[in-house]
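Trainee: Next up, entry-v9.cif (mmCIF, C-alpha atoms and all ligand atoms).
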data_upload
loop_
_atom_site.group_PDB
_atom_site.id
_atom_site.type_symbol
_atom_site.label_atom_id
_atom_site.label_comp_id
_atom_site.auth_asym_id
_atom_site.auth_seq_id
_atom_site.Cartn_x
_atom_site.Cartn_y
_atom_site.Cartn_z
ATOM 1 C CA MET A 1 -18.579 -197.872 74.557
ATOM 2 C CA THR A 2 -18.425 -199.315 71.048
ATOM 3 C CA THR A 3 -15.504 -197.904 69.074
ATOM 4 C CA VAL A 4 -14.350 -198.199 65.488
ATOM 5 C CA LEU A 5 -11.839 -200.807 66.727
ATOM 6 C CA ASP A 6 -14.702 -202.912 68.090
ATOM 7 C CA VAL A 7 -16.466 -202.728 64.737
ATOM 8 C CA GLN A 8 -13.315 -204.020 63.023
ATOM 9 C CA ARG A 9 -13.074 -206.745 65.651
ATOM 10 C CA PHE A 10 -16.655 -207.815 64.876
ATOM 11 C CA LYS A 11 -15.543 -208.505 61.314
ATOM 12 C CA ASP A 12 -12.253 -210.132 62.300
ATOM 13 C CA GLU A 13 -14.110 -212.485 64.635
ATOM 14 C CA GLY A 14 -16.880 -213.174 62.105
ATOM 15 C CA ARG A 15 -19.552 -211.571 64.322
ATOM 16 C CA ARG A 16 -22.393 -210.042 62.323
ATOM 17 C CA PHE A 17 -23.698 -206.808 63.793
ATOM 18 C CA ALA A 18 -26.624 -204.428 63.530
ATOM 19 C CA MET A 19 -26.795 -200.700 62.909
ATOM 20 C CA LEU A 20 -30.008 -198.682 63.125
ATOM 21 C CA THR A 21 -30.812 -195.092 62.376
ATOM 22 C CA ALA A 22 -31.827 -192.872 65.290
ATOM 23 C CA TYR A 23 -33.013 -189.295 65.190
ATOM 24 C CA ASP A 24 -34.090 -188.308 68.694
ATOM 25 C CA PHE A 25 -33.331 -188.675 72.383
ATOM 26 C CA LEU A 26 -35.896 -191.309 73.359
ATOM 27 C CA SER A 27 -35.445 -193.659 70.437
ATOM 28 C CA ALA A 28 -31.663 -193.436 70.830
ATOM 29 C CA GLN A 29 -32.043 -194.323 74.507
ATOM 30 C CA ILE A 30 -34.198 -197.352 73.700
ATOM 31 C CA LEU A 31 -31.881 -198.615 70.943
ATOM 32 C CA ASP A 32 -28.777 -197.953 73.017
ATOM 33 C CA GLU A 33 -30.210 -199.868 75.972
ATOM 34 C CA ALA A 34 -31.176 -202.678 73.588
ATOM 35 C CA GLY A 35 -27.473 -202.993 72.790
ATOM 36 C CA ILE A 36 -27.473 -201.831 69.165
ATOM 37 C CA PRO A 37 -23.750 -201.154 68.704
ATOM 38 C CA ILE A 38 -23.949 -198.443 66.024
ATOM 39 C CA LEU A 39 -26.518 -195.672 65.736
ATOM 40 C CA LEU A 40 -26.575 -193.649 62.540
ATOM 41 C CA VAL A 41 -28.114 -190.197 62.496
ATOM 42 C CA GLY A 42 -28.968 -190.712 58.835
ATOM 43 C CA ASP A 43 -29.936 -188.002 56.403
ATOM 44 C CA SER A 44 -33.005 -190.192 55.859
ATOM 45 C CA LEU A 45 -34.303 -188.035 58.718
ATOM 46 C CA GLY A 46 -35.111 -185.460 56.050
ATOM 47 C CA MET A 47 -37.719 -187.885 54.748
ATOM 48 C CA VAL A 48 -38.969 -189.782 57.806
ATOM 49 C CA MET A 49 -38.776 -186.981 60.369
ATOM 50 C CA LEU A 50 -39.197 -183.825 58.306
ATOM 51 C CA GLY A 51 -41.362 -185.053 55.433
ATOM 52 C CA TYR A 52 -39.132 -184.053 52.522
ATOM 53 C CA PRO A 53 -39.536 -186.178 49.350
ATOM 54 C CA THR A 54 -35.789 -186.937 49.212
ATOM 55 C CA PRO A 55 -32.913 -186.512 51.688
ATOM 56 C CA LEU A 56 -31.520 -183.612 49.641
ATOM 57 C CA PRO A 57 -33.182 -180.657 51.386
ATOM 58 C CA VAL A 58 -32.028 -181.593 54.893
ATOM 59 C CA THR A 59 -29.389 -179.186 56.182
ATOM 60 C CA LEU A 60 -26.367 -179.674 58.394
ATOM 61 C CA ASP A 61 -27.982 -177.533 61.100
ATOM 62 C CA GLU A 62 -31.038 -179.799 61.087
ATOM 63 C CA MET A 63 -28.806 -182.890 61.232
ATOM 64 C CA ILE A 64 -26.785 -181.509 64.122
ATOM 65 C CA ARG A 65 -29.905 -180.660 66.110
ATOM 66 C CA HIS A 66 -30.982 -184.312 65.886
ATOM 67 C CA ALA A 67 -27.441 -185.591 66.437
ATOM 68 C CA LYS A 68 -27.287 -183.728 69.750
ATOM 69 C CA ALA A 69 -30.517 -185.351 70.896
ATOM 70 C CA VAL A 70 -29.252 -188.816 69.921
ATOM 71 C CA ALA A 71 -25.975 -188.189 71.755
ATOM 72 C CA ARG A 72 -27.904 -187.217 74.894
ATOM 73 C CA GLY A 73 -29.825 -190.504 74.736
ATOM 74 C CA SER A 74 -26.916 -192.816 74.070
ATOM 75 C CA ARG A 75 -24.241 -194.271 76.351
ATOM 76 C CA GLN A 76 -22.708 -197.322 74.661
ATOM 77 C CA ALA A 77 -23.286 -197.036 70.916
ATOM 78 C CA LEU A 78 -20.853 -195.766 68.318
ATOM 79 C CA LEU A 79 -22.585 -192.677 66.937
ATOM 80 C CA VAL A 80 -22.241 -191.849 63.253
ATOM 81 C CA GLY A 81 -23.425 -188.573 61.742
ATOM 82 C CA ASP A 82 -24.473 -188.655 58.104
ATOM 83 C CA MET A 83 -23.016 -185.690 56.203
ATOM 84 C CA PRO A 84 -25.976 -184.221 54.293
ATOM 85 C CA PHE A 85 -26.097 -183.150 50.671
ATOM 86 C CA MET A 86 -23.859 -180.138 49.940
ATOM 87 C CA SER A 87 -22.113 -180.268 53.317
ATOM 88 C CA TYR A 88 -18.930 -181.806 51.800
ATOM 89 C CA HIS A 89 -19.346 -181.320 48.069
ATOM 90 C CA GLN A 90 -17.351 -178.134 47.555
ATOM 91 C CA SER A 91 -13.913 -178.839 48.955
ATOM 92 C CA ALA A 92 -11.861 -180.774 51.474
ATOM 93 C CA GLU A 93 -11.921 -177.665 53.682
ATOM 94 C CA GLN A 94 -15.706 -177.678 53.706
ATOM 95 C CA ALA A 95 -15.774 -181.427 54.462
ATOM 96 C CA ILE A 96 -13.355 -180.970 57.361
ATOM 97 C CA ALA A 97 -15.198 -177.987 58.834
ATOM 98 C CA ASN A 98 -18.597 -179.673 58.658
ATOM 99 C CA ALA A 99 -17.427 -183.096 59.846
ATOM 100 C CA GLY A 100 -15.808 -181.226 62.730
ATOM 101 C CA ARG A 101 -19.163 -179.636 63.592
ATOM 102 C CA PHE A 102 -20.777 -183.090 63.708
ATOM 103 C CA ILE A 103 -18.131 -184.240 66.192
ATOM 104 C CA GLN A 104 -17.820 -181.075 68.295
ATOM 105 C CA GLU A 105 -21.404 -179.807 68.331
ATOM 106 C CA GLY A 106 -23.342 -182.958 67.502
ATOM 107 C CA GLY A 107 -21.497 -185.344 69.826
ATOM 108 C CA MET A 108 -20.903 -187.892 67.039
ATOM 109 C CA HIS A 109 -17.898 -190.245 67.010
ATOM 110 C CA ALA A 110 -17.668 -190.644 63.221
ATOM 111 C CA VAL A 111 -19.208 -189.352 60.011
ATOM 112 C CA LYS A 112 -20.611 -191.035 56.916
ATOM 113 C CA LEU A 113 -20.060 -189.713 53.391
ATOM 114 C CA GLU A 114 -21.736 -190.970 50.231
ATOM 115 C CA GLY A 115 -19.905 -191.840 47.033
ATOM 116 C CA GLY A 116 -16.435 -192.466 45.623
ATOM 117 C CA GLY A 117 -14.512 -189.989 43.456
ATOM 118 C CA ARG A 118 -13.548 -186.883 45.413
ATOM 119 C CA VAL A 119 -14.960 -188.402 48.592
ATOM 120 C CA ILE A 120 -11.982 -190.775 48.624
ATOM 121 C CA GLY A 121 -9.614 -187.832 49.105
ATOM 122 C CA TYR A 122 -11.892 -186.306 51.757
ATOM 123 C CA THR A 123 -11.939 -189.653 53.553
ATOM 124 C CA ARG A 124 -8.136 -189.700 53.665
ATOM 125 C CA LYS A 125 -7.992 -186.146 55.029
ATOM 126 C CA LEU A 126 -10.685 -186.654 57.670
ATOM 127 C CA THR A 127 -9.116 -189.911 58.816
ATOM 128 C CA GLU A 128 -5.702 -188.246 59.080
ATOM 129 C CA LEU A 129 -7.325 -185.604 61.283
ATOM 130 C CA GLY A 130 -8.834 -188.198 63.620
ATOM 131 C CA ILE A 131 -12.371 -188.174 62.272
ATOM 132 C CA PRO A 132 -13.388 -191.753 61.462
ATOM 133 C CA VAL A 133 -15.251 -192.120 58.169
ATOM 134 C CA MET A 134 -17.912 -194.630 57.162
ATOM 135 C CA GLY A 135 -18.185 -194.839 53.369
ATOM 136 C CA HIS A 136 -21.433 -195.413 51.485
ATOM 137 C CA LEU A 137 -21.614 -196.890 47.970
ATOM 138 C CA GLY A 138 -24.199 -198.419 45.643
ATOM 139 C CA LEU A 139 -27.619 -196.785 45.794
ATOM 140 C CA THR A 140 -26.497 -193.494 47.304
ATOM 141 C CA PRO A 141 -29.703 -191.488 47.883
ATOM 142 C CA GLN A 142 -27.935 -188.111 47.563
ATOM 143 C CA PHE A 143 -27.344 -189.055 43.893
ATOM 144 C CA VAL A 144 -31.060 -189.646 43.309
ATOM 145 C CA HIS A 145 -31.256 -187.231 40.366
ATOM 146 C CA GLN A 146 -28.052 -188.569 38.820
ATOM 147 C CA MET A 147 -29.342 -192.150 39.139
ATOM 148 C CA GLY A 148 -32.758 -191.229 37.676
ATOM 149 C CA GLY A 149 -34.510 -192.338 40.873
ATOM 150 C CA PHE A 150 -33.773 -194.682 43.739
ATOM 151 C CA LYS A 151 -32.450 -197.571 41.622
ATOM 152 C CA VAL A 152 -30.438 -200.688 42.439
ATOM 153 C CA GLN A 153 -26.815 -200.112 41.381
ATOM 154 C CA GLY A 154 -24.033 -202.432 40.223
ATOM 155 C CA LYS A 155 -26.189 -204.833 38.237
ATOM 156 C CA SER A 156 -23.952 -204.662 35.163
ATOM 157 C CA GLU A 157 -20.391 -205.950 35.224
ATOM 158 C CA LYS A 158 -19.067 -202.451 34.563
ATOM 159 C CA GLY A 159 -21.200 -200.949 37.349
ATOM 160 C CA ALA A 160 -20.171 -203.691 39.768
ATOM 161 C CA ASP A 161 -16.490 -203.199 38.936
ATOM 162 C CA ARG A 162 -16.790 -199.458 39.562
ATOM 163 C CA ILE A 163 -18.352 -200.009 42.988
ATOM 164 C CA MET A 164 -15.688 -202.603 43.837
ATOM 165 C CA ALA A 165 -12.924 -200.173 42.810
ATOM 166 C CA ASP A 166 -14.429 -197.354 44.890
ATOM 167 C CA ALA A 167 -14.812 -199.714 47.864
ATOM 168 C CA LYS A 168 -11.146 -200.659 47.717
ATOM 169 C CA ALA A 169 -10.120 -197.017 47.320
ATOM 170 C CA LEU A 170 -12.195 -195.977 50.341
ATOM 171 C CA GLU A 171 -10.618 -198.752 52.391
ATOM 172 C CA ALA A 172 -7.142 -197.646 51.285
ATOM 173 C CA ALA A 173 -8.046 -194.042 52.196
ATOM 174 C CA GLY A 174 -8.789 -195.126 55.767
ATOM 175 C CA ALA A 175 -12.567 -195.608 55.932
ATOM 176 C CA PHE A 176 -13.343 -197.772 58.982
ATOM 177 C CA SER A 177 -16.448 -199.337 57.442
ATOM 178 C CA LEU A 178 -18.592 -199.181 54.341
ATOM 179 C CA VAL A 179 -22.345 -199.059 53.843
ATOM 180 C CA LEU A 180 -23.451 -200.931 50.726
ATOM 181 C CA GLU A 181 -26.957 -199.966 49.723
ATOM 182 C CA GLY A 182 -29.159 -201.362 46.956
ATOM 183 C CA VAL A 183 -26.697 -203.642 45.179
ATOM 184 C CA PRO A 184 -27.108 -207.268 44.061
ATOM 185 C CA ALA A 185 -26.515 -209.773 46.870
ATOM 186 C CA ALA A 186 -23.643 -211.373 44.972
ATOM 187 C CA LEU A 187 -21.818 -208.040 44.740
ATOM 188 C CA GLY A 188 -22.468 -207.336 48.442
ATOM 189 C CA GLY A 189 -20.892 -210.700 49.226
ATOM 190 C CA ARG A 190 -17.938 -210.204 46.890
ATOM 191 C CA ILE A 191 -17.051 -206.756 48.277
ATOM 192 C CA SER A 192 -17.426 -207.984 51.871
ATOM 193 C CA LYS A 193 -15.034 -210.833 51.127
ATOM 194 C CA GLU A 194 -12.428 -208.672 49.417
ATOM 195 C CA LEU A 195 -12.385 -205.823 51.942
ATOM 196 C CA LYS A 196 -10.701 -206.039 55.326
ATOM 197 C CA ILE A 197 -12.983 -203.355 56.782
ATOM 198 C CA PRO A 198 -16.544 -204.306 57.694
ATOM 199 C CA THR A 199 -19.367 -203.743 55.234
ATOM 200 C CA ILE A 200 -22.854 -202.843 56.417
ATOM 201 C CA GLY A 201 -25.607 -203.734 53.997
ATOM 202 C CA ILE A 202 -29.043 -202.339 53.313
ATOM 203 C CA GLY A 203 -30.526 -204.161 50.370
ATOM 204 C CA ALA A 204 -27.114 -205.718 49.692
ATOM 205 C CA GLY A 205 -27.924 -209.325 50.569
ATOM 206 C CA PRO A 206 -27.068 -211.552 53.507
ATOM 207 C CA GLN A 207 -23.291 -211.702 53.173
ATOM 208 C CA THR A 208 -22.327 -208.224 54.333
ATOM 209 C CA ASP A 209 -20.702 -208.061 57.772
ATOM 210 C CA GLY A 210 -23.453 -205.928 59.283
ATOM 211 C CA GLN A 211 -26.971 -204.867 58.388
ATOM 212 C CA VAL A 212 -28.610 -201.472 58.751
ATOM 213 C CA LEU A 213 -32.235 -200.424 58.488
ATOM 214 C CA VAL A 214 -34.108 -197.179 59.007
ATOM 215 C CA PHE A 215 -35.827 -196.872 62.412
ATOM 216 C CA HIS A 216 -39.251 -196.074 60.996
ATOM 217 C CA ASP A 217 -39.115 -199.076 58.651
ATOM 218 C CA VAL A 218 -37.972 -201.619 61.257
ATOM 219 C CA PHE A 219 -40.608 -200.634 63.774
ATOM 220 C CA GLY A 220 -43.466 -200.180 61.322
ATOM 221 C CA LEU A 221 -43.845 -196.418 61.637
ATOM 222 C CA THR A 222 -43.754 -196.158 57.879
ATOM 223 C CA THR A 223 -46.847 -197.672 56.328
ATOM 224 C CA GLY A 224 -47.698 -198.776 52.809
ATOM 225 C CA LYS A 225 -45.365 -200.658 50.538
ATOM 226 C CA ALA A 226 -41.832 -200.773 51.893
ATOM 227 C CA PRO A 227 -38.720 -201.427 49.811
ATOM 228 C CA LYS A 228 -37.986 -205.136 49.275
ATOM 229 C CA PHE A 229 -35.042 -205.036 51.698
ATOM 230 C CA VAL A 230 -37.144 -203.866 54.656
ATOM 231 C CA LYS A 231 -38.324 -206.270 57.317
ATOM 232 C CA ARG A 232 -40.804 -204.864 59.820
ATOM 233 C CA TYR A 233 -40.192 -206.159 63.332
ATOM 234 C CA ALA A 234 -43.082 -204.212 64.881
ATOM 235 C CA HIS A 235 -46.185 -202.344 63.725
ATOM 236 C CA VAL A 236 -46.029 -199.201 65.812
ATOM 237 C CA ALA A 237 -48.066 -197.052 63.395
ATOM 238 C CA ASP A 238 -51.002 -199.448 63.861
ATOM 239 C CA ASP A 239 -50.600 -199.304 67.654
ATOM 240 C CA ILE A 240 -50.496 -195.493 67.607
ATOM 241 C CA SER A 241 -53.549 -195.303 65.390
ATOM 242 C CA ARG A 242 -55.499 -197.714 67.625
ATOM 243 C CA ALA A 243 -54.455 -195.793 70.751
ATOM 244 C CA ALA A 244 -55.379 -192.426 69.188
ATOM 245 C CA HIS A 245 -58.849 -193.713 68.337
ATOM 246 C CA ALA A 246 -59.285 -195.125 71.856
ATOM 247 C CA PHE A 247 -58.147 -191.843 73.452
ATOM 248 C CA ALA A 248 -60.499 -189.754 71.324
ATOM 249 C CA GLU A 249 -63.386 -192.115 72.082
ATOM 250 C CA GLU A 250 -62.753 -192.059 75.855
ATOM 251 C CA VAL A 251 -62.576 -188.254 75.815
ATOM 252 C CA ARG A 252 -65.817 -188.105 73.833
ATOM 253 C CA THR A 253 -67.620 -190.468 76.220
ATOM 254 C CA GLY A 254 -66.147 -188.960 79.419
ATOM 255 C CA VAL A 255 -64.298 -192.141 80.437
ATOM 256 C CA PHE A 256 -60.969 -190.257 80.432
ATOM 257 C CA PRO A 257 -59.786 -188.684 82.671
ATOM 258 C CA GLY A 258 -60.943 -190.888 85.556
ATOM 259 C CA PRO A 259 -60.376 -190.175 89.254
ATOM 260 C CA GLU A 260 -56.976 -191.908 89.053
ATOM 261 C CA HIS A 261 -55.833 -189.253 86.581
ATOM 262 C CA SER A 262 -57.153 -186.272 88.579
ATOM 263 C CA TYR A 263 -55.691 -184.283 91.491
ATOM 264 C CA ALA A 264 -57.576 -183.906 94.749
ATOM 265 C CA SER A 265 -57.984 -180.491 96.358
ATOM 266 C CA SER A 266 -56.516 -179.934 99.856
ATOM 267 C CA GLY A 267 -59.929 -180.293 101.555
ATOM 268 C CA SER A 268 -61.452 -178.091 104.251
ATOM 269 C CA ASN A 269 -58.319 -177.567 106.432
ATOM 270 C CA GLY A 270 -58.388 -173.819 105.787
ATOM 271 C CA ASP A 271 -55.100 -172.612 107.358
ATOM 272 C CA ALA A 272 -52.785 -175.486 106.430
ATOM 273 C CA LYS A 273 -50.601 -174.997 103.386
ATOM 274 C CA PRO A 274 -51.745 -177.496 100.760
ATOM 275 C CA ALA A 275 -49.098 -180.074 99.814
ATOM 276 C CA LEU A 276 -47.921 -179.389 96.279
ATOM 277 C CA ASP A 277 -48.300 -182.475 94.127
ATOM 278 C CA GLU A 278 -45.221 -183.026 92.048
ATOM 279 C CA VAL A 279 -46.007 -183.274 88.350
ATOM 280 C CA LYS A 280 -43.602 -185.633 86.649
ATOM 281 C CA TYR A 281 -42.782 -184.678 83.094
ATOM 282 C CA GLY A 282 -40.100 -185.965 80.830
ATOM 283 C CA ALA A 283 -38.526 -189.054 79.518
ATOM 284 C CA SER A 284 -37.146 -190.905 82.506
HETATM 285 O O1 LIG B 1 -29.645 -191.914 55.759
HETATM 286 C C1 LIG B 1 -29.705 -193.106 56.097
HETATM 287 O O2 LIG B 1 -30.555 -193.526 56.876
HETATM 288 C C2 LIG B 1 -28.710 -194.014 55.539
HETATM 289 C C3 LIG B 1 -28.838 -195.468 55.827
HETATM 290 C C4 LIG B 1 -30.022 -196.042 55.185
HETATM 291 C C5 LIG B 1 -27.615 -196.213 55.520
HETATM 292 O O3 LIG B 1 -27.828 -193.576 54.872
#
Could you write out this structure as structure tokens?

Mentor:
Amino acid sequence: MTTVLDVQRFKDEGRRFAMLTAYDFLSAQILDEAGIPILLVGDSLGMVMLGYPTPLPVTLDEMIRHAKAVARGSRQALLVGDMPFMSYHQSAEQAIANAGRFIQEGGMHAVKLEGGGRVIGYTRKLTELGIPVMGHLGLTPQFVHQMGGFKVQGKSEKGADRIMADAKALEAAGAFSLVLEGVPAALGGRISKELKIPTIGIGAGPQTDGQVLVFHDVFGLTTGKAPKFVKRYAHVADDISRAAHAFAEEVRTGVFPGPEHSYASSGSNGDAKPALDEVKYGAS
């Protein structure tokens, strides 16, 4: 199983690595079997799975429900639970209690917290208690209203210096890795060079130690204009749409179900007990 020590080793050995978001049992199983070393149950699930306009409304209970499903589907990946908005904002006690729920109930191995400031102290406390923390700086979606929208951060020298300072403080507080989102490529490179812990970029240029993307973006389940940093490696929404049309058409024309999809009756052998066909449901 991938551990936080392995992730550090990736950086020490100069091996770039991938992280993907996962939100359910089957997708976690597929990504895990594909050898993705880190799966993040991101609060982006509020948007891509639950249809909220921002990640802010998603609750810890909703996150944990999905985390459990991901944990059931995964065997080798390091699993990181994303602490949702307001689940760690009040106090260190609240952060500890809710991070603990992610580990105990959700089956996660680590948690991710957005921001610097007070989060630096929470990171120290959680780490001391044996809960590994992934930091997250730059375009932190939980600060969407503070940032005036989803905007690239750290473009000015002052902004870049603040992110650099927070990154170093999170490292000193014990964070095992750091997500850098929506920052200029040069800043992504500079922070990755100055930190000993691995950075994981999303819209932070090519020089971060790892890269993360959202499941629905990578596989083309989101449609329309994607953010600049997204690369689509498949077009699953198109496949689903084509298949849905084909299914509806075959139902309309009577092509589906054919004999190969239908059960036979037991015939005219009146007394014999009919064999019960087993119906196979489920994922595997
Ligand atoms: O919620 C999320 O999916 C994330 C990643 C994009 C890093 O925080």

Trainee: Find the residues near ligand LIG 1 (chain B). Use a cut-off of 7 Å, count only C-alpha atoms and all ligand atoms, and write them as a PyMOL selection string.

Mentor: chain A and resi 21+40-45+82+179+181+202+212-214

Trainee: Would you pick out the contacts of A:Thr222 at 8 Å or less, using all atoms listed in the file, so that residues sharing its chain but fewer than 4 positions from it are not included, and give the list as a list in words?

Mentor: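 So, after excluding close chain neighbours, the residues are Val48, His216, Asp217, Ala226 and Ala237 of chain A.
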
Trainee: Would you output that residue set with C-alpha atoms, as a JSON list (two decimals), keeping the file's coordinate frame?

Mentor:
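See result34.json below for the written result:
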[["chain", "number", "residue", "atom", "x", "y", "z"],
["A", 48, "VAL", "CA", -38.97, -189.78, 57.81],
["A", 216, "HIS", "CA", -39.25, -196.07, 61.00],
["A", 217, "ASP", "CA", -39.12, -199.08, 58.65],
["A", 226, "ALA", "CA", -41.83, -200.77, 51.89],
["A", 237, "ALA", "CA", -48.07, -197.05, 63.40]]

Trainee: Using all atoms listed in the file, give me every residue within 10 Å of (-33.7, -194.4, 71.1) in file coordinates, as a PyMOL selection string.

Mentor: chain A and resi 20-34+36+39+69-74+215

Trainee: Which residues would end up in the selection if the PyMOL selection byres (((chain A and resi 201) around 8) and not hetatm) were applied here, given that I need the answer as a ChimeraX atom specification?

Mentor: /A:179-181,188,199-200,202-206,208-212

Trainee: Can you translate the PyMOL selection byres (((chain A and resi 126) around 12) and not hetatm) into the concrete residues it hits in this file, as number ranges by chain?

Mentor: A: 88, 92-100, 103, 110-113, 119-125, 127-135, 170, 173-176

Trainee: Looking at A:Val279, A:Met47, A:Val218, A:Ile197, which one is nearest to A:Arg9, with distances taken over all atoms listed in the file?

Mentor: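 Checking each candidate against A:Arg9, we get A:Ile197 as the closest.
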
Trainee: One decimal, Å: what's the distance from atom CA of A:His109 over to atom CA of A:Phe17, could you say?

Mentor: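 So the answer is 17.8 Å.
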
Trainee: Step by step, gather every atom of stretch 37-44 of chain A that the file lists, find the box along x, y and z that holds them, add 3 Å on each side, and finally give centre and edge lengths in Å to one decimal, as JSON.

Mentor:
{"center_x": -28.4, "center_y": -194.6, "center_z": 62.3, "size_x": 15.3, "size_y": 19.2, "size_z": 18.8}

Trainee: Find the distance between atom CA of A:Thr3 and atom CA of A:Pro37 and write it in Å to one decimal.

Mentor: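 Computed distance, atom CA of A:Thr3 to atom CA of A:Pro37, equals 8.9 Å.
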
Trainee: Please produce stretch 28-45 of chain A, completed to N, CA and C atoms, as an mmCIF file, keeping the file's coordinate frame.

Mentor:
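Below is the file that was written, rebuild35.cif:
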data_model
loop_
_atom_site.group_PDB
_atom_site.id
_atom_site.type_symbol
_atom_site.label_atom_id
_atom_site.label_comp_id
_atom_site.auth_asym_id
_atom_site.auth_seq_id
_atom_site.Cartn_x
_atom_site.Cartn_y
_atom_site.Cartn_z
ATOM 1 N N ALA A 28 -33.076 -193.092 70.639
ATOM 2 C CA ALA A 28 -31.663 -193.436 70.830
ATOM 3 C C ALA A 28 -31.475 -194.167 72.154
ATOM 4 N N GLN A 29 -32.161 -193.688 73.184
ATOM 5 C CA GLN A 29 -32.043 -194.323 74.507
ATOM 6 C C GLN A 29 -32.529 -195.781 74.457
ATOM 7 N N ILE A 30 -33.645 -195.991 73.781
ATOM 8 C CA ILE A 30 -34.198 -197.352 73.700
ATOM 9 C C ILE A 30 -33.239 -198.264 72.914
ATOM 10 N N LEU A 31 -32.764 -197.783 71.776
ATOM 11 C CA LEU A 31 -31.881 -198.615 70.943
ATOM 12 C C LEU A 31 -30.549 -198.864 71.641
ATOM 13 N N ASP A 32 -30.047 -197.834 72.290
ATOM 14 C CA ASP A 32 -28.777 -197.953 73.017
ATOM 15 C C ASP A 32 -28.910 -198.992 74.131
ATOM 16 N N GLU A 33 -30.002 -198.904 74.877
ATOM 17 C CA GLU A 33 -30.210 -199.868 75.972
ATOM 18 C C GLU A 33 -30.462 -201.270 75.433
ATOM 19 N N ALA A 34 -30.967 -201.357 74.209
ATOM 20 C CA ALA A 34 -31.176 -202.678 73.588
ATOM 21 C C ALA A 34 -29.860 -203.257 73.068
ATOM 22 N N GLY A 35 -28.794 -202.476 73.155
ATOM 23 C CA GLY A 35 -27.473 -202.993 72.790
ATOM 24 C C GLY A 35 -27.128 -202.887 71.322
ATOM 25 N N ILE A 36 -27.839 -202.041 70.581
ATOM 26 C CA ILE A 36 -27.473 -201.831 69.165
ATOM 27 C C ILE A 36 -26.108 -201.118 69.156
ATOM 28 N N PRO A 37 -25.098 -201.714 68.535
ATOM 29 C CA PRO A 37 -23.750 -201.154 68.704
ATOM 30 C C PRO A 37 -23.461 -199.885 67.921
ATOM 31 N N ILE A 38 -24.201 -199.659 66.810
ATOM 32 C CA ILE A 38 -23.949 -198.443 66.024
ATOM 33 C C ILE A 38 -25.285 -197.751 65.735
ATOM 34 N N LEU A 39 -25.344 -196.478 66.075
ATOM 35 C CA LEU A 39 -26.518 -195.672 65.736
ATOM 36 C C LEU A 39 -26.103 -194.633 64.705
ATOM 37 N N LEU A 40 -26.861 -194.587 63.629
ATOM 38 C CA LEU A 40 -26.575 -193.649 62.540
ATOM 39 C C LEU A 40 -27.635 -192.557 62.533
ATOM 40 N N VAL A 41 -27.187 -191.317 62.701
ATOM 41 C CA VAL A 41 -28.114 -190.197 62.496
ATOM 42 C C VAL A 41 -28.110 -189.958 60.986
ATOM 43 N N GLY A 42 -28.969 -190.686 60.298
ATOM 44 C CA GLY A 42 -28.968 -190.712 58.835
ATOM 45 C C GLY A 42 -29.660 -189.483 58.251
ATOM 46 N N ASP A 43 -29.239 -189.122 57.042
ATOM 47 C CA ASP A 43 -29.936 -188.002 56.403
ATOM 48 C C ASP A 43 -31.320 -188.430 55.923
ATOM 49 N N SER A 44 -31.631 -189.733 56.076
ATOM 50 C CA SER A 44 -33.005 -190.192 55.859
ATOM 51 C C SER A 44 -33.960 -189.442 56.781
ATOM 52 N N LEU A 45 -33.427 -188.794 57.822
ATOM 53 C CA LEU A 45 -34.303 -188.035 58.718
ATOM 54 C C LEU A 45 -35.029 -186.934 57.958
#
